[in-house]
Every structure is written in C-alpha cells, then in structure tokens.
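Take a look at the structure below.
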There are 4 protein chains.
Amino acid sequence: MAPPEDLPPMTYRFLGRSGLQVSAISIGGWLTYGGYTEQEKAHECMKAAYDSGINFFDCAEIYSDGKSEEVMGAAIKKYGWKRNDLVISTKLYWGTAFGNNPVNNKGLSRKHILEGMDASLKRLGLDYVDVIYAHRPDRQTPMEETVRAFNHLINTGKALYWGTSMWNADEIATAWRYADKLGLIGPIVEQPEYNMLSRERVELEYAHLYREVGLGLTVFSPLRQGLLSGKYKNGIPEGSRLAQNQVEFIAGWWKRTGKEKFDEIIANINKLEPIAESLGIKQSTLALAWVLKNQNVSSAIIGASSAEQVYENVRAVGAVDKLTPEIMDKIDEILNNKPPAVIARY
Amino acid sequence: MAPPEDLPPMTYRFLGRSGLQVSAISIGGWLTYGGYTEQEKAHECMKAAYDSGINFFDCAEIYSDGKSEEVMGAAIKKYGWKRNDLVISTKLYWGTAFGNNPVNNKGLSRKHILEGMDASLKRLGLDYVDVIYAHRPDRQTPMEETVRAFNHLINTGKALYWGTSMWNADEIATAWRYADKLGLIGPIVEQPEYNMLSRERVELEYAHLYREVGLGLTVFSPLRQGLLSGKYKNGIPEGSRLAQNQVEFIAGWWKRTGKEKFDEIIANINKLEPIAESLGIKQSTLALAWVLKNQNVSSAIIGASSAEQVYENVRAVGAVDKLTPEIMDKIDEILNNKPPAVIARY
Amino acid sequence: MAPPEDLPPMTYRFLGRSGLQVSAISIGGWLTYGGYTEQEKAHECMKAAYDSGINFFDCAEIYSDGKSEEVMGAAIKKYGWKRNDLVISTKLYWGTAFGNNPVNNKGLSRKHILEGMDASLKRLGLDYVDVIYAHRPDRQTPMEETVRAFNHLINTGKALYWGTSMWNADEIATAWRYADKLGLIGPIVEQPEYNMLSRERVELEYAHLYREVGLGLTVFSPLRQGLLSGKYKNGIPEGSRLAQNQVEFIAGWWKRTGKEKFDEIIANINKLEPIAESLGIKQSTLALAWVLKNQNVSSAIIGASSAEQVYENVRAVGAVDKLTPEIMDKIDEILNNKPPAVIARY
Amino acid sequence: MAPPEDLPPMTYRFLGRSGLQVSAISIGGWLTYGGYTEQEKAHECMKAAYDSGINFFDCAEIYSDGKSEEVMGAAIKKYGWKRNDLVISTKLYWGTAFGNNPVNNKGLSRKHILEGMDASLKRLGLDYVDVIYAHRPDRQTPMEETVRAFNHLINTGKALYWGTSMWNADEIATAWRYADKLGLIGPIVEQPEYNMLSRERVELEYAHLYREVGLGLTVFSPLRQGLLSGKYKNGIPEGSRLAQNQVEFIAGWWKRTGKEKFDEIIANINKLEPIAESLGIKQSTLALAWVLKNQNVSSAIIGASSAEQVYENVRAVGAVDKLTPEIMDKIDEILNNKPPAVIARY
C-alpha cells in the first residue's frame with residue numbers, strides 16, 4: 001500500500017547539536033516488531049514509514065528479548081534499503097537476550113556495554129548503529145566507566161553517536177562533565193516520554209541542557225498510549241491495553257490511577273477535540289503536531305501497527321504550522337499543566 | 001548572658017568534601033542583623049552563638065542592602081574574636097547595596113562577582129571570607145564565566161571556598177563540568193531550604209551530587225519560619241508575619257496556600273508534639289535535631305532574635321542521638337512526605 | 001557431581017570502583033589446571049564452581065608455562081558456557097610460555113604486554129579477557145609505558161579492565177598518577193595475598209587507596225596454603241608440600257621459618273577451632289568467611305583440587321554474617337596481628 | 001666564636017629535583033630556639049652555622065607555639081644576613097600559636113594553610129619562606145584541596161617550594177597525582193627521620209619516589225637524639241632526656257623500649273667506636289657522615305645547643321669521602337638492619 005498522494009513531505013531535524021539529520025517522525029520497536037505484532041505486519045509498517053520519508057528506526061536489546069532487533073534487521077535486508085539512508089538506533093541496559101542471568105548482563109558496566117553492543121549488531125545484521133542509547137541510568141557503575149565505554153563503541157566504529165534514555169538532568173550534566181574532562185564525546189540525545197500529559201521533564205528539568213550541551217530529544221509515547229488520540233473518549237473498550245484497571249503510563253511504567261482520576265483525564269482530553277476540528281485535523285494529529293512544535297524535539301517516536309496508522313501519524317508533520325501562538329495558548333489553558341518558566345535571572 | 005551550664009558541647013562537621021570545619025548550628029543574617037533586629041540585639045545573638053561554640057556566621061550582600069554585613073563585621077571587631085577561629089560566609093547576586101540600578105549590579109557576571117566581593121569585604125571589614133556563595137543561578141551569564149570568576153576570588157585570596165544557593169542539581173553538576181574541564185575549583189557547598197516540610201530537593205534531587213562531587217549543605221529555614229516549633233499550634237497570632245493571608249514559605253518564596261491547606265499543615269505538625277515530649281525535648285528542638293540527623297547537612301542556619309533563642313537552638317545538637325531509627329520512622333509516618341529512594345540499578 | 005542442596009547462594013561484589021560484578025569466591029589456576037592436577041580433575045573443579053554460581057576464573061601466562069590457560073579455555077568450550085556470563089582474568093609478566101629467553105619476554109614493556117596478551121588469548125581461545133593483571137611491578141620499565149600499554153589492550157578490545165598483582169601502594173598511586181595525567185584508565189584492582197596470617201598490606205598499606213582510587217582486591221591464599229584449614233594441626237604429614245623444611249608462605253614466596261616458629265603459628269591457629277565449632281562451621285570455612293568479611297575484598301581466589309573442595313569453600317559465603325563484631329574481636333585477640341589504625345588527623 | 005681554621009668547607013646539594021641548593025648540614029628549630037635553649041644561645045648557634053657555610057634554617061609553626069619562628073626571624077634581622085643567601089623553611093599543621101582551639105587551626109585545609117602561612121611569615125618577619133612543609137599528612141582533608149592550597153602559597157609568592165614531613169610513600173605519590181592532573185607543582189622534598197637506627201622509610205619505602213618524582217630529603221634526628229654520638233655508651237646519665245624510662249625515638253614519637261632492648265642497642269652502637277677511631281674521627285662525626293653518604297639526602301638537620309656543637313657537626317661534611325664501600329659494608333654488618341633491595345624486575 002503506497003503512501004496517500006496528499007501526505008505532507010517529511011521534515012528532517014538535526015539530532016541535538018550534531019550534524020545527524022533525523023525525520024521528525026520515527027518508528028519505535030517496542031510494540032511493533034517481535035512483540036504484539038507479527039513480523040509481516042511489522043515489515044509493512046517499516047515499509048510505509050520508509051516510503052513516507054521516515055529515516056529513523058529505533059530499537060532496544062530488551063524489546064522482545066532481542067527479537068525486535070532481528071525483525072528490524074530483516075526488514076532492512078528484505079527491502080534492500082541503503083545503509084547510509086537510514087538512521088538506526090538501539091539501547092543497552094537489560095541484556096535479557098542473553099538469558100535470565102542478570103549478573104553483568106544488566107546495567108552500564110564496560111562489560112555489558114561492549115558485549116551488549118556486539119550482540120545487538122549481530123541481531124540487526126549491521127556493522128554499526130547510528131545512535132546507541134543507555135536505556136536507563138546505572139548509579140552503581142561509575143559514570144566515568146560508562147562514558148568511556150560508549151566512547152569505545154564510537155572509537156571502534158560500532159556506533160556513531162551515543163545518547164541516554166530517562167536520565168535525570170544532573171546525570172546528563174555529569175556525563176558531560178566526564179566527557180569534557182577526558183576529552184571524550186558526550187551524549188547528544190535523551191529519549192524521554194513527552195506528550196500533552198507529561199511535560200515537566202522536557203519543558204522544565206532538561207531546560208538548561210538544551211543550551212549547555214545542545215541536548216536533542218527523541219521522545220516516546222507522544223500520544224500517551226493512544227489516550228491523546230481521543231479513542232477512549234467514551235470510556236475504555238474491553239480488551240484494550242488500558243482496560244484492566246485504569247492505568248496510566250508514566251515515565252516508562254504503568255501506574256494505577258483509579259477510575260476517578262482516569263475519567264478526569266479523559267474529560268480534559270475531550271476538550272481538545274473542538275480545537276482539532278477547527279483546524280481540520282484529527283485529534284491524534286493535533287497531539288502529535290503539538291509535540292513536534294517543541295523545537296527541542298528532534299523526533300517523535302511512534303509505534304504503529306499498520307501502514308494506515310503510519311501515514312496517519314505522518315500527517316502531523318504538515319500540521320505543525322497550524323499551531324499558532326493563539327492555539328498553543330488555548331491548549332495550555334485546557335491542559336493546565338504548563339511547567340513554570342525557568343527564571344533566567346532572579 | 002552566659003550560656004546555661006547544661007548546654008551540650010557544639011559539634012563540628014566538614015563542609016562537604018573539604019577540610020573546613022563548621023559548627024553544626026550556624027547563625028544567618030537574614031532577619032537578625034540590620035533587619036528586623038537592631039544592632040544591639042544582633043550583637044547579643046552573635047555573642048551567645050560564639051559562646052556556645054558556633055563558629056559559622058552567614059550573610060549576603062542583599063540582606064538589608066548591605067547593612068547586615070556591616071553589623072556582622074562590627075561584632076567581630078567589638079568582641080575581638082580571632083579571624084582564624086571564625087568561618088564567615090556571604091552571598092553575591094543582588095547588589096542592592098550599590099543602589100537601584102540593576103544593570104551589572106545583579107547576577108553572576110565576572111563584573112558583579114568581583115565588584116560585589118570587594119564591596120562585601122569592605123562592609124565586613126575583613127580581608128577575606130571563608131565561603132562565598134552564588135545566591136541564585138544566573139542562566140543568562142555563561143556558566144564558564146561564573147566558575148572562572150569565583151575561582152578568581154579564591155586565587156586572589158578574597159575567599160577560601162565557593163558554593164551555591166538554590167541551584168538545580170544539574171546546574172551544580174554543570175558548574176563542576178566547567179571546573180573539571182578547566183582544572184578549576186568547583187562549588188563545595190549548596191545552601192537550600194531544608195526542614196520537615198521541605199525535603200525533596202535535599203533528599204532526592206541532590207542525591208547523586210553527594211557522591212559525585214562531595215556536595216556539602218548549609219540549610220536555611222530548618223524550622224520553616226517557626227512553623228515547626230509548634231508556636232502556631234493554636235492558629236496564627238495577630239501581627240505575626242504569617243497573619244496576613246495564610247502563606248507558606250516554599251524554597252525561598254512566600255506562596256499563598258489558603259487557610260484550608262494551612263490548617264492541614266498545622267494539624268500535622270501538632271502530631272509531632274507527643275514525640276518531642278516522649279524524648280523530653282521541645283518541639284523546636286526535635287525539628288532542628290531532625291535536620292542535623294541528615295549526615296549530608298554540614299550546618300543548619302538559624303536566625304535568632306535573642307540570646308535565649310540561640311541557646312535554645314543549640315540544644316538540638318545534644319538531641320540528635322535521641323533520634324533512633326524507630327523515632328525517625330514514626331516521624332516519617334506523620335510527615336508522610338518522604339521522597340522515593342533513588343534507584344541504583346533498574 | 002551436582003552441588004549439595006544446602007549450598008548457600010553465591011553473592012556478587014563489584015570489582016572495586018567499577019561496574020563489573022564478580023562472585024565472592026573465584027577459582028585460581030595456579031595449582032589446579034595444567035599443574036599438579038590433570039585436566040580432567042581441573043575441568044571437574046571448574047564445573048563445580050560454575051554450578052555453585054562462581055563466575056570468576058583467574059589464570060596467568062606463567063602458570064604451567066601457559067598450560068593453565070589452555071586447560072581453562074578448553075573447559076569454557078567443553079561446557080558451552082556463555083562468554084558474557086563469565087569473568088575471565090589472566091596475568092602478564094613472565095612469558096615463560098615463549099621459552100627460556102627472558103629478553104623482552106619478561107616484565108611490563110609495551111612489547112611484552114602486547115605480545116603476551118595475544119599469546120594468552122590464543123591459548124584461552126577467547127577474543128578478550130575481562131581483567132588483565134600486571135603480575136608484578138617492573139621498576140625498569142617507565143610506569144608511563146606500562147600504563148599506556150594496558151590502556152592499549154583495553155582500547156583494542158582485548159581486555160575490559162586492568163589491574164596489578166603485588167604492587168606497593170605507592171606504585172599503584174603512581175600508575176594512577178600517569179593515568180590521570182594522560183586521561184587514561186587506571187588499575188581498578190590489586191591481587192595481593194590476604195588471610196588471617198598476612199594482613200598488613202591489605203589492612204594498612206593499601207588503606208588510602210580504597211578511598212583515593214576505589215581499589216578493589218582479589219586475594220590469593222585465603223587459607224594460607226591450607227594452613228588455616230587446621231589440616232596441619234597435629235604437625236605436617238609426610239609428602240605434603242610443607243613437609244620439606246617447615247616453610248612458611250609469605251606474600252608469594254616460600255620462606256624457611258624453622259620448626260620452632262612454625263609450631264608456634266600452628267598452635268595459634270589451633271585456638272580458632274573452638275570458635276569455628278561454636279558457630280557450627282569448619283575451621284576452613286571460618287578462615288575464608290573472615291577474608292570475605294573485609295568489604296574491600298571483591299573476591300577470594302581459591303585453588304581447589306576436587307568438586308567437593310569447591311563446594312566446601314563456597315559454604316564460606318553463607319558464614320560471613322555469622323562473624324559478628326564480638327566474634328571478630330575474639331579472632332583478633334587470638335591472631336594478635338591486627339595492624340594499627342590509619343591516623344586520619346594527627 | 002669564629003669557626004676553627006681546620007673546618008672543612010661546606011658542600012651544597014640540590015633539594016631533590018629542584019634548582020634550589022641547600023647546605024648538606026642544616027639547623028633545625030625544634031629544640032634550639034624558643035625551646036630548651038634561650039634566645040641568646042640560639043642566636044649564637046645560628047651565627048656559628050652561618051659562619052660555617054650553613055645556609056638552611058628549618059622551623060615549624062608548632063615549635064614552642066610559634067616562639068621558634070620569632071627567635072629565628074630575630075637572628076636574621078640582628079645579623080643583617082641577606083635574604084637571598086638564606087634558605088628558610090617552616091612547617092604547617094598544628095597551629096598551636098593560634099591558641100587552644102583546634103577547629104580549623106589544625107590539619108591541611110585550605111583555611112589553615114593560608115592562615116598558618118600568614119601567621120608564620122609575620123613571626124619570622126619575612127615576606128616569604130623558601131620551603132613550606134606539610135608537617136604531617138591529613139587524611140580528612142581531600143588531597144586535592146591540600147595540593148591546591150600549597151600551590152596558592154607559591155602563586156602568591158609566600159613560598160618558593162613545598163614539601164612534606166612524615167608522609168607515606170603512597171601519599172606523596174598521590175599528591176603528585178593531583179599536581180600532575182591539575183598542572184600544579186608537587187612536593188619536592190620530604191622530611192623524615194633518618195639515621196643508622198631508622199633506615200627503612202628512606203632506603204626502602206621511598207625508593208621509587210627518588211626516580212619517579214625526584215624526591216629530595218631533609219632528614220631529622222641524624223644522631224638519634226645523641227644516641228649515635230656514643231655519649232650514652234656507659235649508660236644513661238641522670239637528668240638526661242633519656243633517663244626517665246629508656247625510651248627510643250621512633251619515627252617521630254617516643255616509645256618505651258624497656259631497659260633490656262635499650263642496652264642491646266647501646267651495645268651495638270658501641271661497636272662503631274673502633275671504626276670511627278680507625279678513620280680518625282669522632283663517633284658522632286661518623287654517624288652524621290654516614291647519613292650524608294646517602295645521595296638521596298639533600299640535607300641533615302641538626303639541633304645544636306652551642307657553637308662548638310655546630311662546628312663539630314660540620315666536620316661530618318669532610319668525612320663523607322672516608323666512608324669507602326668497605327667501611328660501609330662493615331657498618332652494615334654491625335647495624336644488621338639494612339633493608340632488602342627493591343627488586344627492579346622479578
């Protein structure tokens with residue numbers, strides 16, 4: 001299924017203060033490959049993405065215990081895409097693909113970073129990834145060891161850049177402290193959650209880092225597990241991932257909110273529908289475009305399960321300019337969760 | 001008025017990862033000198049402090065527009081204390097003593113840091129302070145300029161150490177980044193608010209810094225403007241600073257909480273009274289000892305307005321050991337605001 | 001022979017200030033493989049170790065002139081163990097496997113470190129070791145050359161970490177001096193002798209290094225050649241390694257002590273038997289648990305000659321908690337060799 | 001009293017790997033000035049020293065609580081010696097001259113090093129000393145702070161070089177680690193005890209440092225409190241400092257040895273008398289010349305109480321060449337305490 005003719009052209013952004021260009025929308029491997037979706041379906045999504053101008057595909061050694069990387073690697077081979085046209089990333093921290101033994105197969109020691117990288121590349125069938133992430137901070141391994149190990153991957157040509165995922169602002173600053181001290185390369189990108197319901201980290205906590213280290217962001221859950229698409233506006237359908245007990249996905253974990261709190265969130269989200277309508281776009285397009293409106297976001301990672309969904313998401317690229325200051329203010333009023341501005345000088 | 005005979009001996013702690021020893025209780029100049037309290041009264045407090053073993057006196061260029069530093073300097077001269085026995089600190093940021101023109105008299109530019117330091121030393125009548133603080137972060141001045149300027153003060157012998165006040169964890173980490181990169185001296189101490197009602201910053205946000213840079217803490221508002229002493233247990237007296245509109249002092253600023261929220265806080269604090277009684281100490285002693293129980297706290301800054309108050313506060317030093325793990329757990333249960341532990345490895 | 005059902009679970013410790021986790025008990029190749037014990041026996045020991053949770057196997061290029069490494073490598077292959085689950089170390093200094101010519105085959109020159117590493121890896125049948133040790137200090141080769149050469153091994157992926165064996169405290173500090181100066185990686189671990197009869201180096205000489213450089217320890221001779229197991233309590237059996245002339249093993253060398261001194265040592269050791277009995281453990285378990293009680297010890301290297309012996313040694317892991325401060329004091333009284341405490345401030 | 005005509009000419013040695021030249025014999029202020037000896041006597045000794053070619057005078061802030069520095073400073077003024085012809089050193093650690101308050105007046109914090117230096121210079125009446133020593137290691141103050149503070153003294157022109165006294169070899173190596181890392185000046189000289197009865201530290205422990213950092217030595221107690229002069233050969237005279245309880249001076253502290261051990265030492269020392277006689281020199285001259293024979297010794301510090309004693313000691317300079325390899329071997333045989341050689345390559 002070819003892309004619709006009226007699909008907006010993809011835009012590309014620099015990954016933080018680097019020379020690497022990534023598509024504003026990227027595809028993540030968490031749910032898609034090797035997981036809920038079978039390989040055929042996953043490949044179809046990747047193909048749709050590629051055809052839409054998406055060049056950035058994200059994975060992790062833990063996704064489906066390594067199966068995700070295999071599925072992703074198989075697609076690249078199958079479609080004969082040129083390596084140089086792709087930006088491939090994966091993440092190291094939980095080497096569950098090595099089995100159940102967590103001793104030295106978890107965390108950010110030099111040993112796991114080196115062994116994990118080699119195993120990931122093998123599964124991907126690649127010589128190198130473009131970006132290798134530390135999937136979480138590891139406060140037991142000295143930061144210097146971790147910074148040196150990621151630089152080792154870069155020095156040996158196995159990765160071109162490195163980044164972090166769900167690190168605190170001071171941990172990113174500390175990584176740069178060691179990088180600078182030792183003349184090494186610091187992390188250019190962080191991968192946090194970011195969406196209309198989860199703003200504090202990106203808009204407040206990391207604020208100084210955009211200027212200080214030129215931090216780029218690849219953000220996950222831009223639609224908060226579909227919550228922001230409006231698909232739960234009439235309540236939670238049976239069989240959906242949210243059905244079980246009104247959970248909320250916060251910073252990488254599911255948390256029970258209780259029905260009351262959940263309904264309140266839904267009610268608030270529903271107020272965004274008229275705004276989307278007034279702009280002539282879907283509510284999900286509005287939510288995704290809102291994420292891309294933030295210029296510190298290099299790419300929003302989506303997790304589609306069909307080609308249609310991919311195309312649908314790509315429409316957000318064309319909607320970013322519709323978000324005028326007035327519209328943004330209206331949205332802020334509804335969301336009522338805008339973090340305080342960082343005071344530059346008291 | 002001499003110290004009571006049963007006053008416990010003062011204890012001294014290293015100021016973070018430095019060789020400087022400060023008394024666990026210190027005297028701050030915000031309200032005391034040059035402000036609400038007249039000079040006579042302020043000197044009486046400083047004398048009582050010195051006689052109790054307190055060696056650490058804190059000030060700021062903004063306190064009473066420089067008047068505080070003058071009052072403090074006058075006391076040192078008047079009582080003939082030896083300079084080497086004292087640890088004197090002041091803070092630079094708002095050079096209100098220079099007048100009303102904020103251009104270049106505010107913030108952390110090299111210009112204001114150098115000019116402010118000289119003016120402070122003149123008011124204090126001293127050749128050097130032991131610790132010079134950046135009173136706030138300044139996000140408009142490049143961090144490198146600020147780090148270099150504080151090192152200039154140290155290199156010219158005008159200060160022995162430097163620290164920060166109310167900086168974010170990532171800003172402190174970034175200051176160290178430049179210090180390390182340039183072979184300069186980083187900030188050894190941060191001065192935040194810390195008390196039973198304000199814990200997150202000290203117990204969670206700064207957590208990595210204790211290990212990473214050996215950060216020491218001098219904390220202000222250990223009794224939350226008297227709230228924790230139990231003196232408002234029956235409501236707010238007319239004419240007190242809190243009377244106006246049920247405000248709450250949060251991290252350096254007054255914020256309106258409304259009567260309802262305020263009463264709730266008071267009710268909670270009142271539950272601490274029986275614990276203090278069971279230990280045979282006053283509620284204010286309990287609150288201050290609780291702050292000192294945290295080993296990352298180098299010194300708790302108090303703001304007394306009479307010699308009796310100083311002596312009363314010093315009693316907390318002798319009460320720290322009464323806070324057994326069991327008592328600490330009970331207090332945590334009442335406060336119900338213990339920050340989550342930092343996860344070392346996910 | 002499978003591990004006994006009541007064997008305590010293995011514990012893992014970080015190797016000094018690194019992110020690498022090693023089992024508290026490790027297996028050393030000195031006597032076991034390629035030496036007194038034939039290959040079959042050695043493999044049986046390694047299998048028993050692996051089945052007990054031991055993940056750390058130590059060797060050296062000099063052990064049986066390289067034969068040890070071959071036997072160890074063969075076991076890894078034979079049992080199909082995953083590389084990432086193992087921590088493999090070897091040591092360079094005496095390249096006796098190269099033959100009898102000591103010129104350039106001995107010491108810590110760049111030439112021997114590089115050539116020795118390649119030869120060791122070939123014998124082990126591995127791409128890299130986890131830890132490479134300098135087996136002794138070499139005071140003729142400039143320290144800078146040695147530090148650079150070990151970093152070369154790390155940079156080329158042939159080793160993940162490096163350490164020292166039987167270096168003086170000031171030599172380790174000097175290695176870190178060059179590492180820091182050049183932005184290179186310093187030695188994270190030292191391998192000294194440590195047991196109830198040999199305490200000074202570990203408890204006194206290296207004391208500052210635990211704090212200064214985060215030095216970890218892998219200790220050999222935890223049972224002082226069996227002396228501390230009580231097996232010589234009635235004198236020396238004919239045919240044993242000690243029979244010849246009442247020697248004593250001191251820090252890596254055999255030294256004649258004479259019968260009188262030797263009997264005195266034995267008499268003292270015998271006094272530990274009742275303590276072991278009171279704890280319901282064997283005397284050898286007591287001696288090994290005592291070594292592990294020292295938190296600066298990352299791993300105690302044992303040299304078993306049968307599976308039973310391995311299991312026996314592993315029991316020490318479960319006995320560490322039995323060594324209360326009171327028991328430790330009693331042991332110190334008997335041993336009468338506790339080094340003086342390091343004075344922090346005179 | 002002018003120097004005897006047959007006094008040998010003074011020799012000068014470089015202070016370690018520095019360009020500073022010091023007389024092989026120097027005068028120490030411990031007992032001499034401000035202490036047991038009154039000022040008149042002390043000045044007479046200093047004059048005799050100066051007239052003999054001694055250019056190196058050593059003191060410490062703790063000697064007689066600062067009185068020693070005053071006496072020494074007064075002599076320089078009184079005799080009108082040119083500053084450039086003198087090498088003056090003092091030591092910081094115990095600021096007892098500041099009074100009885102040890103808080104911040106003791107140890108090697110930046111505060112005490114800066115305040116102590118200013119106070120010493122004031123007592124000496126000088127603008128700068130040539131060498132400033134850390135009188136002991138301080139393991140509570142971070143080494144980096146101490147290294148930076150001594151460099152501050154050098155940068156502000158208050159000292160030309162810095163050194164240590166009674167530090168462990170690894171502490172000296174660690175000081176150099178920070179100096180090198182930060183591009184600062186390391187300690188060029190250590191002041192330990194060294195004499196025929198106390199050899200291990202100088203001949204073994206510091207061995208690597210002579211080559212590694214070019215460590216120079218100024219040694220105290222070259223005659224072991226007179227013991228080596230043979231003056232106690234018939235036992236201890238009533239009223240002498242040794243009379244009380246047969247003490248032995250070991251590494252800076254008086255330690256009781258008991259009469260038996262003490263007599264054994266005396267008997268051994270007495271065997272050196274015939275050797276001295278065969279060379280036509282006094283026994284004290286032999287002992288002092290023996291110290292100077294060690295080329296790592298830059299200067300031997302003596303503590304004379306009369307001009308005659310000074311001249312007597314200076315004779316040792318002329319006796320160094322009489323100590324042929326054969327004589328040195330004979331002495332080693334008698335002393336029976338030669339430390340093992342440092343193995344260069346195993």
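Ordered as shown in the structure tokens, chains take letters A, B, and onward, while each chain numbers its residues from 1 and ligands are numbered from 1 in the order shown.
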
Item checked: Shell around Trp94 of chain D at 10 Å using only C-alpha atoms, local window under 2 positions removed, as a PyMOL selection string -> (chain C and resi 346) or (chain D and resi 60-63+65+91-92+96-98+102+104-108+112+116+134-136)

For the selection you just gave me, I'd like the residues written to a file as a tab-separated table (two decimals), in the first residue's frame, keeping C-alpha atoms.
chain	number	residue	atom	x	y	z
C	346	TYR	CA	47.32	13.83	63.98
D	60	ALA	CA	57.68	24.96	62.27
D	61	GLU	CA	54.63	26.83	63.47
D	62	ILE	CA	54.26	24.34	66.31
D	63	TYR	CA	57.83	24.65	67.66
D	65	ASP	CA	53.98	27.56	69.80
D	91	LYS	CA	56.02	23.73	58.59
D	92	LEU	CA	52.27	23.93	58.87
D	96	THR	CA	49.10	25.97	68.37
D	97	ALA	CA	50.34	29.54	68.11
D	98	PHE	CA	46.72	30.46	67.44
D	102	PRO	CA	41.91	23.02	67.21
D	104	ASN	CA	40.29	24.86	61.67
D	105	ASN	CA	43.67	25.62	63.30
D	106	LYS	CA	44.96	22.12	62.68
D	107	GLY	CA	45.45	19.96	59.63
D	108	LEU	CA	45.86	20.77	55.96
D	112	HIS	CA	44.68	26.61	57.91
D	116	GLY	CA	49.01	29.49	59.11
D	134	ALA	CA	53.04	19.93	55.45
D	135	HIS	CA	54.16	18.74	58.87
D	136	ARG	CA	52.01	15.57	58.74

Next item on the list: Could you list the residues in chain C lying within 12 Å of chain D, using only C-alpha atoms, and format the result as a ChimeraX atom specification?
Entry: /C:93-94,102-104,106-109,134-144,166-184,186,204-209,211-213,252-253,342-346

Next item on the list: Would you please extract all alpha helix (DSSP H) residues from segment 25-137 of chain C, as assigned by DSSP on the backbone, and give them as a PyMOL selection string?
Entry: chain C and resi 39-51+67-79+110-124

Skip Gln191 of chain A itself and residues of its chain fewer than 4 positions away, then list as a JSON list (two decimals) with N, CA and C atoms, in the first residue's frame all residues within 7 Å of it, counting only C-alpha atoms.
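And here's out26.json as it stands now:
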[["chain", "number", "residue", "atom", "x", "y", "z"],
["A", 164, "THR", "N", 21.13, 8.97, 25.87],
["A", 164, "THR", "CA", 20.61, 8.41, 27.10],
["A", 164, "THR", "C", 19.10, 8.27, 26.99],
["A", 165, "SER", "N", 18.53, 7.51, 27.90],
["A", 165, "SER", "CA", 17.07, 7.44, 27.96],
["A", 165, "SER", "C", 16.62, 7.46, 29.41],
["A", 166, "MET", "N", 15.78, 8.39, 29.74],
["A", 166, "MET", "CA", 15.24, 8.54, 31.08],
["A", 166, "MET", "C", 16.30, 8.77, 32.16],
["A", 217, "LEU", "N", 16.31, 15.64, 21.60],
["A", 217, "LEU", "CA", 15.34, 14.73, 22.20],
["A", 217, "LEU", "C", 14.70, 13.86, 21.15],
["A", 218, "THR", "N", 14.64, 12.56, 21.42],
["A", 218, "THR", "CA", 13.76, 11.69, 20.66],
["A", 218, "THR", "C", 12.74, 11.24, 21.70],
["A", 219, "VAL", "N", 11.48, 11.56, 21.48],
["A", 219, "VAL", "CA", 10.53, 11.33, 22.56],
["A", 219, "VAL", "C", 9.60, 10.17, 22.27],
["A", 220, "PHE", "N", 9.32, 9.41, 23.34],
["A", 220, "PHE", "CA", 8.40, 8.29, 23.14],
["A", 220, "PHE", "C", 7.03, 8.62, 23.74]]

Check: Contacts of Ser23 of chain C at 8 Å or less, counting only C-alpha atoms, minus same-chain residues fewer than 6 places along, as a ChimeraX atom specification?
Finding: /C:10-13,53-56,298-299

Export N, CA and C atoms of the chosen residues as a short mmCIF file (atom, residue, chain, number, x, y, z; two decimals), in the first residue's frame?
data_model
loop_
_atom_site.label_atom_id
_atom_site.label_comp_id
_atom_site.auth_asym_id
_atom_site.auth_seq_id
_atom_site.Cartn_x
_atom_site.Cartn_y
_atom_site.Cartn_z
N MET C 10 25.41 -17.99 45.86
CA MET C 10 26.61 -17.16 45.68
C MET C 10 26.25 -15.68 45.82
N THR C 11 27.17 -14.90 46.31
CA THR C 11 26.97 -13.44 46.31
C THR C 11 27.97 -12.83 45.34
N TYR C 12 27.61 -11.65 44.82
CA TYR C 12 28.45 -10.98 43.82
C TYR C 12 28.83 -9.60 44.32
N ARG C 13 30.04 -9.18 44.05
CA ARG C 13 30.51 -7.88 44.50
C ARG C 13 31.08 -7.11 43.31
N GLY C 53 27.66 -21.03 41.16
CA GLY C 53 27.44 -19.60 40.96
C GLY C 53 28.72 -18.81 40.82
N ILE C 54 29.87 -19.47 40.88
CA ILE C 54 31.14 -18.78 40.66
C ILE C 54 31.22 -18.36 39.19
N ASN C 55 31.52 -17.07 38.95
CA ASN C 55 31.61 -16.62 37.56
C ASN C 55 33.00 -16.12 37.19
N PHE C 56 33.91 -16.20 38.15
CA PHE C 56 35.21 -15.53 38.02
C PHE C 56 36.33 -16.57 38.04
N SER C 298 36.98 -7.93 46.94
CA SER C 298 35.94 -8.18 45.94
C SER C 298 35.74 -9.68 45.75
N SER C 299 36.83 -10.43 45.81
CA SER C 299 36.73 -11.88 45.61
C SER C 299 37.93 -12.58 46.25
#

Next item on the list: Please give the complete set of residues from segment 299-333 of chain A that DSSP, run on the backbone, assigns to strand (DSSP E or B), formatted as a PyMOL selection string.
Entry: chain A and resi 299-302

Taking C-alpha atoms for each residue, export the selection above as a CSV table (one decimal), in the first residue's frame.
chain,number,residue,atom,x,y,z
A,299,SER,CA,12.0,13.3,16.6
A,300,ALA,CA,8.8,11.8,17.9
A,301,ILE,CA,8.8,8.0,18.1
A,302,ILE,CA,5.6,6.4,17.1
